[in-house]
Amino acid sequence: MCISNLSGLFSNHGPLYFVATKRFFSKMGLACHIAKIHSEASVEQNAWELKQYIEELYWGSGKHVMLLGHSKGGIDAAAALSIYRSDLENKVAGLALVQSPYGGTPIASDFLREGQIADKETRRLMELVVCKLIKGDIRALEDLTYNKRKEFIMKHKLPEDIPIISFHSEARIDTSVLATMTPIAHAELPCLPLPNFASEDPSNDVRSRCQVPVVLPASAAMAMCALHLQLRYGEKSDGLVTCRDAEVPGSVVVRPDQKLDHCWMVYSTSKKNSSEPDASEMCEALLSLLVELGTRKQQ
């Protein structure tokens, strides 16, 4: 089995995106790849690139491809299976959509809807950021609005013979999260040989990775967005995607009891509680469930 991780919107600007998960699977002896696509491209553009990427992996390894897409990455993967179902149905073993706005997200709709949060000036600002600064396509954000997602889903149906999992979570919105800057990521320095001066044997050189905590306000930001969505729309969310919008009709839905925000799955590399799974272990569990679902379908 070949595993492909598909990153979400703006992931090209996060060098650690899914890196820990890829290393985790590689240590298990599994072929794991991070799809090299432009995360800020439109859904249809990425669907075409993923179609070619999946075929390349399949013909190169001779193994079926298991897809795990986070956020917009799950939408791109679902679009590839929907649009090119006849080309990919015998090459893909399953798809896990992790915190993906399959039905759309109110964040995108609010930003791009005239007369509410967004107006012409706000849209120009978004186009400047997405198109000019990060060389993306504004359609990447438009494709996540409710109107665009409804149009796409009505036009393109997911294949029924491929196992699909929807994973969604809720962000913590208590005051302890809202009021703090929470470290949720770690930057790993490259493995550098450090000479051991106490020994003349070069084989005793210390080779270790140094983890440097990076304090980011992401958890607090996700909590504020989740609180906004709950107060305005009455919907629970991970901060960017509501639980309702993350569920693909007909899929097996996974709802963890643990409070997890939208960034946890790809950037959380440390565990505060040893009894709780980290992001890599969660991905392993989702893919194991996909394998089990695929076995049941064959039987």
# chains A, B, ... in the order shown; residues from 1 in each chain; ligands from 1
$ residues_around --residues "A:Ser280" --least-positions-apart "3" --cutoff "8 Å" --atoms "only C-alpha atoms" --output "PyMOL selection string"
chain A and resi 20-21+24+265+277+283-284
$ residues_around --residues "A:Ser109" --least-positions-apart "6" --cutoff "8 Å" --atoms "only C-alpha atoms" --output "PDB file with N, CA, C and O atoms, in the first residue's frame"
ATOM      1  N   GLU A 142     -12.564  30.776  -3.149  1.00  0.00           N
ATOM      2  CA  GLU A 142     -13.947  30.771  -3.650  1.00  0.00           C
ATOM      3  C   GLU A 142     -14.521  29.355  -3.697  1.00  0.00           C
ATOM      4  O   GLU A 142     -15.703  29.150  -3.418  1.00  0.00           O
ATOM      5  N   LEU A 144     -14.261  27.065  -1.725  1.00  0.00           N
ATOM      6  CA  LEU A 144     -14.647  26.569  -0.406  1.00  0.00           C
ATOM      7  C   LEU A 144     -15.896  27.247   0.138  1.00  0.00           C
ATOM      8  O   LEU A 144     -16.331  26.946   1.257  1.00  0.00           O
ATOM      9  N   THR A 145     -16.483  28.159  -0.639  1.00  0.00           N
ATOM     10  CA  THR A 145     -17.727  28.802  -0.210  1.00  0.00           C
ATOM     11  C   THR A 145     -18.886  27.819  -0.376  1.00  0.00           C
ATOM     12  O   THR A 145     -18.804  26.849  -1.134  1.00  0.00           O
ATOM     13  N   TYR A 146     -19.983  28.089   0.298  1.00  0.00           N
ATOM     14  CA  TYR A 146     -21.130  27.189   0.241  1.00  0.00           C
ATOM     15  C   TYR A 146     -21.712  27.082  -1.169  1.00  0.00           C
ATOM     16  O   TYR A 146     -22.076  25.991  -1.621  1.00  0.00           O
TER      17      TYR A 146
END
$ residues_around --residues "A:Ile83" --least-positions-apart "6" --cutoff "9 Å" --atoms "only C-alpha atoms" --output "NGL selection string"
:A and (44 or 47-48 or 156-158)
$ residues_around --residues "A:Val98" --least-positions-apart "2" --cutoff "10 Å" --atoms "only C-alpha atoms" --output "count of residues only"
26
$ closest_residue --among "A:Val19, A:Leu289, A:Ile164, A:Val43" --to "A:Ala79" --atoms "only C-alpha atoms"
A:Val43
$ atom_distance --atom1 "atom CA of A:Glu281" --atom2 "atom CA of A:Lys91"
25.0 Å
$ closest_residue --among "A:Tyr17, A:Tyr53, A:Phe152, A:Tyr58" --to "A:Ala279" --atoms "only C-alpha atoms"
A:Tyr17
$ select_by_dssp --residues "stretch 26-133 of chain A" --states "helix (DSSP H, G or I)" --output "MDAnalysis selection string"
chainID A and resid 26:27 43:61 72:83 85:88 106:112 120:133
$ closest_residue --among "A:Leu287, A:Ala93, A:Val253, A:Ile173" --to "A:Cys225" --atoms "only C-alpha atoms"
A:Ile173
$ residues_around --residues "A:Lys150" --least-positions-apart "5" --cutoff "9 Å" --atoms "only C-alpha atoms" --output "list of chain:residue names"
A:Gly103, A:Gly104, A:Thr145, A:Lys155
$ write_last_selection --atoms "all heavy atoms" --output "tab-separated table (two decimals), in the first residue's frame"
chain	number	residue	atom	x	y	z
A	103	GLY	N	-18.69	20.39	2.66
A	103	GLY	CA	-19.90	21.15	2.36
A	103	GLY	C	-19.65	22.63	2.21
A	103	GLY	O	-20.56	23.38	1.86
A	104	GLY	N	-18.41	23.06	2.45
A	104	GLY	CA	-18.07	24.48	2.42
A	104	GLY	C	-17.69	24.96	3.80
A	104	GLY	O	-17.76	24.20	4.78
A	145	THR	N	-16.48	28.16	-0.64
A	145	THR	CA	-17.73	28.80	-0.21
A	145	THR	C	-18.89	27.82	-0.38
A	145	THR	O	-18.80	26.85	-1.13
A	145	THR	CB	-18.01	30.07	-1.02
A	145	THR	OG1	-18.16	29.71	-2.41
A	145	THR	CG2	-16.86	31.07	-0.89
A	155	LYS	N	-22.76	18.39	-9.31
A	155	LYS	CA	-22.25	18.04	-10.64
A	155	LYS	C	-21.38	16.79	-10.61
A	155	LYS	O	-21.40	15.99	-11.55
A	155	LYS	CB	-21.46	19.22	-11.20
A	155	LYS	CG	-20.96	19.02	-12.62
A	155	LYS	CD	-20.24	20.26	-13.12
A	155	LYS	CE	-19.73	20.08	-14.55
A	155	LYS	NZ	-19.00	21.29	-15.03
